[in-house]
file query25.txt (compact mmCIF, C-alpha atoms)
# COMPACT_ATOMS: atom_id res chain seq x y z
CA MET A 12 56.82 148.37 55.03
CA ASN A 13 59.69 148.69 52.61
CA THR A 14 58.38 150.35 49.46
CA THR A 15 61.02 148.69 47.25
CA THR A 16 59.73 145.15 47.78
CA GLN A 17 57.05 145.37 45.07
CA MET A 18 59.18 147.26 42.55
CA SER A 19 60.39 145.80 39.27
CA ASP A 20 64.07 145.01 38.87
CA SER A 21 64.36 147.79 36.35
CA ALA A 22 62.98 150.36 38.81
CA LEU A 23 65.31 149.07 41.53
CA VAL A 24 68.31 149.41 39.23
CA SER A 25 67.35 153.01 38.45
CA LEU A 26 66.97 153.78 42.15
CA TYR A 27 70.31 152.17 42.92
CA ILE A 28 72.10 154.12 40.21
CA ALA A 29 70.56 157.24 41.77
CA GLY A 30 72.18 156.28 45.09
CA ASN A 31 69.56 154.16 46.90
CA GLU A 32 71.45 151.34 48.62
CA GLY A 33 68.20 149.79 49.86
CA ALA A 34 67.20 149.18 46.25
CA PHE A 35 70.43 147.26 45.70
CA GLU A 36 69.85 145.18 48.81
CA GLN A 37 66.45 144.25 47.41
CA LEU A 38 68.02 143.23 44.09
CA VAL A 39 70.67 141.12 45.81
CA ASN A 40 68.12 139.35 48.01
CA ARG A 41 65.87 138.72 45.04
CA HIS A 42 68.54 137.08 42.90
CA LYS A 43 71.25 135.77 45.24
CA ASN A 44 69.96 132.16 45.30
CA LYS A 45 69.78 131.76 41.54
CA VAL A 46 73.15 133.46 41.04
CA TYR A 47 74.74 131.30 43.72
CA THR A 48 73.17 128.08 42.42
CA THR A 49 74.22 128.88 38.85
CA ILE A 50 77.81 129.15 40.02
CA LEU A 51 77.67 126.21 42.44
CA LEU A 52 76.41 123.82 39.77
CA ILE A 53 79.46 124.68 37.66
CA VAL A 54 82.30 124.93 40.19
CA LYS A 55 80.90 122.32 42.63
CA ASP A 56 82.60 123.93 45.61
CA SER A 57 80.63 126.05 48.05
CA TYR A 58 83.58 128.23 49.11
CA THR A 59 84.54 129.02 45.50
CA ALA A 60 80.88 129.64 44.66
CA GLU A 61 80.58 132.13 47.54
CA ASP A 62 83.66 133.99 46.28
CA LEU A 63 82.52 134.03 42.66
CA MET A 64 79.04 135.18 43.65
CA GLN A 65 80.61 138.16 45.39
CA ASP A 66 82.76 138.82 42.31
CA ALA A 67 79.67 138.71 40.10
CA PHE A 68 77.77 141.25 42.18
CA ILE A 69 80.85 143.47 42.51
CA LYS A 70 81.20 143.46 38.73
CA ALA A 71 77.54 144.42 38.49
CA ILE A 72 78.03 147.21 41.04
CA HIS A 73 80.86 148.72 38.99
CA THR A 74 78.87 148.48 35.78
CA MET A 75 75.78 150.11 37.28
CA LYS A 76 77.61 152.78 39.25
CA GLY A 77 79.85 153.43 36.26
CA GLY A 78 76.80 154.24 34.12
CA ARG A 79 77.43 151.32 31.76
CA TYR A 80 74.34 149.25 32.56
CA ASN A 81 72.27 148.46 29.48
CA GLU A 82 68.60 148.70 30.43
CA GLU A 83 67.39 146.72 27.43
CA GLY A 84 67.75 143.28 28.96
CA LYS A 85 66.44 141.77 32.18
CA PHE A 86 68.57 142.34 35.29
CA SER A 87 68.17 138.70 36.34
CA SER A 88 69.49 137.38 33.01
CA TRP A 89 72.32 139.88 33.06
CA ILE A 90 73.57 139.14 36.58
CA CYS A 91 73.23 135.38 36.06
CA ARG A 92 75.18 135.64 32.80
CA ILE A 93 77.98 137.46 34.61
CA ALA A 94 77.93 134.69 37.23
CA HIS A 95 77.87 131.96 34.61
CA ASN A 96 80.83 133.47 32.74
CA LEU A 97 82.88 133.88 35.91
CA ALA A 98 82.15 130.28 36.89
CA ILE A 99 83.08 128.96 33.45
CA ASP A 100 86.30 131.03 33.48
CA HIS A 101 87.16 129.61 36.87
CA PHE A 102 86.31 126.09 35.77
CA ARG A 103 88.54 126.40 32.68
CA LYS A 104 91.42 127.70 34.79
CA GLU A 105 91.05 124.85 37.22
CA LYS A 106 90.64 122.29 34.42
CA ARG A 107 89.17 119.81 36.82
CA SER A 108 85.84 118.79 38.21
CA PRO A 109 86.28 117.55 41.76
CA VAL A 110 83.54 116.43 44.09
CA ILE A 111 84.29 118.42 47.22
CA THR A 112 83.50 116.97 50.58
CA LEU A 113 83.10 118.94 53.77
CA GLU A 114 85.01 118.35 56.97
CA ASP A 115 82.22 116.19 58.31
CA GLY A 116 82.47 113.99 55.22
CA SER A 117 79.18 115.06 53.67
CA ASN A 118 78.92 116.10 50.08
CA VAL A 119 78.87 119.85 49.53
CA PHE A 120 75.48 119.57 47.87
CA ASN A 121 73.85 118.04 50.91
CA ASN A 122 73.58 121.26 52.81
CA MET A 123 70.30 123.10 52.42
CA SER A 124 68.18 124.94 54.87
CA PHE A 125 64.43 125.57 55.01
CA SER A 126 62.73 127.94 57.36
CA GLU A 127 59.53 126.03 58.13
CA ASP A 128 58.05 122.51 58.29
CA SER A 129 58.60 119.52 60.52
CA ALA A 130 62.07 118.06 60.95
CA GLU A 131 61.08 114.94 59.04
CA SER A 132 59.60 116.71 56.01
CA LEU A 133 62.52 119.13 56.05
CA GLN A 134 64.90 116.20 55.85
CA ILE A 135 62.95 114.64 52.97
CA LYS A 136 63.00 117.93 51.06
CA GLU A 137 66.66 118.42 51.80
CA ASP A 138 67.54 114.93 50.61
CA THR A 139 65.40 115.27 47.50
CA HIS A 140 66.90 118.60 46.50
CA ALA A 141 70.43 117.44 47.22
CA ARG A 142 69.89 114.32 45.11
CA LEU A 143 68.44 116.45 42.34
CA ARG A 144 71.53 118.69 42.29
CA GLU A 145 73.67 115.57 42.05
CA LEU A 146 71.55 114.26 39.17
CA ILE A 147 71.87 117.58 37.32
CA GLN A 148 75.64 117.06 37.46
CA THR A 149 75.29 113.73 35.68
CA LEU A 150 73.48 115.16 32.63
CA PRO A 151 75.46 115.48 29.37
CA GLN A 152 77.29 118.80 29.35
CA SER A 153 75.23 120.39 26.56
CA GLN A 154 71.97 119.52 28.32
CA ARG A 155 73.20 120.60 31.74
CA GLU A 156 74.37 123.92 30.30
CA VAL A 157 70.99 124.76 28.76
CA LEU A 158 69.11 123.69 31.87
CA MET A 159 71.27 125.89 34.09
CA MET A 160 71.17 128.85 31.74
CA ARG A 161 67.38 128.71 31.38
CA HIS A 162 66.28 127.66 34.82
CA TYR A 163 68.81 129.28 37.12
CA ALA A 164 70.40 132.01 35.00
CA GLU A 165 66.96 132.91 33.60
CA MET A 166 68.27 133.41 30.07
CA SER A 167 65.68 133.07 27.29
CA PHE A 168 66.03 130.18 24.84
CA GLN A 169 67.00 132.67 22.15
CA GLU A 170 69.71 134.13 24.41
CA ILE A 171 70.97 130.62 25.13
CA ALA A 172 70.98 129.78 21.42
CA ASP A 173 73.01 132.94 20.71
CA ALA A 174 75.41 132.31 23.60
CA THR A 175 76.06 128.68 22.66
CA GLY A 176 76.07 129.13 18.87
CA VAL A 177 73.14 126.84 18.08
CA SER A 178 69.61 127.34 16.74
CA ILE A 179 66.75 127.97 19.13
CA ASN A 180 65.30 124.59 18.20
CA THR A 181 68.54 122.89 19.22
CA ALA A 182 68.52 124.80 22.52
CA LEU A 183 64.89 123.75 23.08
CA GLY A 184 65.71 120.17 22.15
CA ARG A 185 68.60 120.07 24.62
CA MET A 186 66.36 121.45 27.35
CA ARG A 187 63.70 118.87 26.52
CA TYR A 188 66.20 116.01 26.74
CA ALA A 189 67.68 117.47 29.93
CA LEU A 190 64.26 117.41 31.58
CA ILE A 191 63.37 113.97 30.19
CA ASN A 192 66.69 112.55 31.39
CA LEU A 193 66.36 114.22 34.75
CA ARG A 194 62.92 112.73 35.22
CA LYS A 195 64.20 109.27 34.24
CA LYS A 196 67.12 109.58 36.62
CA MET A 197 64.78 110.66 39.39
CA LEU A 198 62.55 107.66 38.86
CA ASN A 199 65.56 105.32 38.65
CA SER A 200 66.93 106.81 41.86
CA ASN A 201 63.57 106.38 43.58
CA ILE A 202 63.26 110.10 44.15
CA ALA A 203 59.65 110.71 45.04
CA TYR A 204 57.73 112.45 42.31
CA ASP A 205 55.27 114.03 44.70
CA THR A 206 53.86 117.55 44.54
CA ASN A 207 53.77 117.76 48.33
CA LEU A 208 57.54 117.72 48.36
CA TYR A 209 57.91 120.58 45.99
CA SER A 210 56.01 123.31 47.75
CA GLU A 211 58.14 125.67 49.80
CA MET B 18 52.90 110.35 20.10
CA ILE B 19 53.56 114.05 20.66
CA GLN B 20 55.37 115.78 17.80
CA THR B 21 58.80 117.30 18.48
CA SER B 22 57.58 120.78 17.50
CA THR B 23 54.74 120.50 20.02
CA GLN B 24 57.12 119.28 22.69
CA ASN B 25 59.36 122.27 22.06
CA GLU B 26 56.34 124.56 22.29
CA LEU B 27 55.44 122.91 25.58
CA ILE B 28 58.87 123.77 26.93
CA GLN B 29 58.45 127.38 25.78
CA TYR B 30 54.96 127.42 27.30
CA VAL B 31 56.02 126.36 30.79
CA TYR B 32 58.90 128.86 30.66
CA ASP B 33 56.49 131.58 29.55
CA GLU B 34 58.19 132.16 26.21
CA LEU B 35 55.49 131.06 23.80
CA ALA B 36 53.91 133.75 21.62
CA ASP B 37 50.29 134.61 22.46
CA ASP B 38 48.70 133.02 19.39
CA ALA B 39 50.71 129.79 19.74
CA CYS B 40 49.91 129.85 23.44
CA ALA B 41 46.17 129.91 22.78
CA GLN B 42 46.49 127.02 20.32
CA LEU B 43 48.50 124.96 22.76
CA GLU B 44 46.07 125.61 25.61
CA SER B 45 43.25 124.47 23.37
CA ALA B 46 45.21 121.30 22.53
CA LEU B 47 45.90 120.70 26.23
CA MET B 48 42.15 120.57 26.87
CA GLN B 49 41.71 117.76 24.35
CA ASP B 50 44.96 115.76 24.51
CA SER B 51 45.48 113.97 27.82
CA GLU B 52 48.99 112.82 26.86
CA LEU B 53 50.00 116.39 26.16
CA ALA B 54 48.36 117.59 29.37
CA GLU B 55 50.25 114.94 31.34
CA GLY B 56 53.51 116.02 29.72
CA CYS B 57 52.78 119.60 30.66
CA SER B 58 51.99 118.61 34.23
CA ASP B 59 55.28 116.69 34.46
CA LEU B 60 57.22 119.70 33.22
CA LEU B 61 55.56 122.01 35.76
CA LEU B 62 56.38 119.57 38.57
CA LEU B 63 60.00 119.40 37.47
CA GLN B 64 60.13 123.18 37.31
CA GLN B 65 58.92 123.42 40.89
CA LEU B 66 61.44 120.84 42.01
CA LEU B 67 64.29 122.65 40.24
CA ASP B 68 63.21 125.89 41.94
CA GLY B 69 63.40 124.17 45.30
CA ALA B 70 66.87 122.85 44.54
CA ALA B 71 68.29 126.37 44.39
CA LYS B 72 70.69 126.89 47.26
CA ALA B 73 71.21 130.04 49.32
CA PRO B 74 74.63 131.63 49.83
CA SER B 75 75.85 132.51 53.31
CA GLU B 76 74.63 135.71 54.93
CA ARG B 77 78.28 136.75 55.30
CA SER B 78 78.80 136.77 51.53
CA VAL B 79 75.63 138.79 51.00
CA GLN B 80 76.71 141.28 53.65
CA ASN B 81 80.15 141.60 52.02
CA ILE B 82 78.48 142.60 48.74
CA LEU B 83 76.21 145.14 50.40
CA ASN B 84 79.08 146.61 52.42
CA TYR B 85 81.23 146.89 49.31
CA SER B 86 78.51 148.81 47.51
CA LYS B 87 78.02 151.14 50.48
CA SER B 88 81.76 151.75 50.74
CA LEU B 89 81.82 152.91 47.10
CA SER B 90 78.91 155.26 47.78
CA LEU B 91 80.77 156.79 50.71
CA GLN B 92 83.85 157.37 48.59
CA SER B 93 82.00 159.22 45.82

call {"tool": "encode", "arguments": {"input": "query25.txt", "output": "structure tokens"}}
result
Amino acid sequence: MNTTTQMSDSALVSLYIAGNEGAFEQLVNRHKNKVYTTILLIVKDSYTAEDLMQDAFIKAIHTMKGGRYNEEGKFSSWICRIAHNLAIDHFRKEKRSPVITLEDGSNVFNNMSFSEDSAESLQIKEDTHARLRELIQTLPQSQREVLMMRHYAEMSFQEIADATGVSINTALGRMRYALINLRKKMLNSNIAYDTNLYSE
Amino acid sequence: MIQTSTQNELIQYVYDELADDACAQLESALMQDSELAEGCSDLLLLQQLLDGAAKAPSERSVQNILNYSKSLSLQS
């Protein structure tokens, strides 16, 4: 059994800085989905998101190997903030917000995979999650931003308040409205609100 | 009607950011207030759904990152 699997992120970072590549692999596998989703929800293009995710981790590699990593914060918040900033930079450069479709005509967000379950329940989960990602895109920008920063980038509400220049109560209020609106949109879109769908 | 301050605390609670003393108070309120408990339950369900909506990158991208890191180690 790999002894790094139960370690904290902080311990893995220390091991990696000391030269343990296995520790880094563990960190990447632990956080790749949230980093990737954070970027994807901003740039809305899977190819660009893949590139930016690599850029984010490469930036992290240089910071850690260069001895500039600040151990005070959480690794997950830090790497997701790098990803978020890269995605926002890219988005500003592009100055557009296209809905990208794949060669087969499907929306880029309709492309998830699950390892277990029946084909039918897999399809229901896939559809539900794809619809949810689409609904997140329809939230007002300030609400979407807080939701992504808190849920996917794992930033604390205080960190979000600092990053966006608002009070913590405003950040909390935006998150509250984001979740309320998301729930309303789900109900309006007839997305099943069923716990059985949510378990992995 | 749930007060805004309580609703904000509920958000902090489900995201594990509420201070211990406030947490105890809220948990006590949850035992007595069914509307609040329902709101909490809804938030937890949404959280689970949002977790499930996270998407995985390709294995190729992950491998590129790991290979890049290893290549730097070999150089040093």

call {"tool": "closest_residue", "arguments": {"input": "query25.txt", "among": "A:His101, A:Trp89, A:Arg161, A:Gly33", "to": "Thr74 (chain A)", "atoms": "only C-alpha atoms"}}
result
A:Trp89

call {"tool": "interface_residues", "arguments": {"input": "query25.txt", "of": "chain B", "to": "chain A", "cutoff": "9 Å", "atoms": "only C-alpha atoms", "output": "PyMOL selection string"}}
result
chain B and resi 21-22+24-26+28-29+32+34+59-60+62-75+78-79+81-83+85-87+89-90

call {"tool": "atom_distance", "arguments": {"input": "query25.txt", "atom1": "CA of Phe102 (chain A)", "atom2": "CA of Thr149 (chain A)"}}
result
16.6 Å

call {"tool": "residues_around", "arguments": {"input": "query25.txt", "residues": "Glu52 (chain B)", "least_positions_apart": "5", "cutoff": "12 Å", "atoms": "all atoms listed in the file", "output": "PDB file with C-alpha atoms, keeping the file's coordinate frame"}}
result
ATOM      1  CA  MET B  18      52.900 110.350  20.100  1.00  0.00           C
ATOM      2  CA  ILE B  19      53.560 114.050  20.660  1.00  0.00           C
ATOM      3  CA  GLN B  20      55.370 115.780  17.800  1.00  0.00           C
ATOM      4  CA  THR B  23      54.740 120.500  20.020  1.00  0.00           C
ATOM      5  CA  GLN B  24      57.120 119.280  22.690  1.00  0.00           C
ATOM      6  CA  ALA B  46      45.210 121.300  22.530  1.00  0.00           C
ATOM      7  CA  LEU B  47      45.900 120.700  26.230  1.00  0.00           C
ATOM      8  CA  CYS B  57      52.780 119.600  30.660  1.00  0.00           C
ATOM      9  CA  SER B  58      51.990 118.610  34.230  1.00  0.00           C
ATOM     10  CA  ASP B  59      55.280 116.690  34.460  1.00  0.00           C
TER      11      ASP B  59
END

call {"tool": "closest_residue", "arguments": {"input": "query25.txt", "among": "A:Ile90, A:Ile50, A:Val177, A:Ala98", "to": "Asp20 (chain A)", "atoms": "all atoms listed in the file"}}
result
A:Ile90

call {"tool": "atom_distance", "arguments": {"input": "query25.txt", "atom1": "CA of Leu38 (chain A)", "atom2": "CA of Leu23 (chain A)"}}
result
6.9 Å

call {"tool": "atom_distance", "arguments": {"input": "query25.txt", "atom1": "CA of Ala164 (chain A)", "atom2": "CA of Cys91 (chain A)"}}
result
4.5 Å

call {"tool": "closest_residue", "arguments": {"input": "query25.txt", "among": "B:Met48, B:Leu53, B:Leu61, B:Leu43", "to": "Val31 (chain B)", "atoms": "all atoms listed in the file"}}
result
B:Leu61
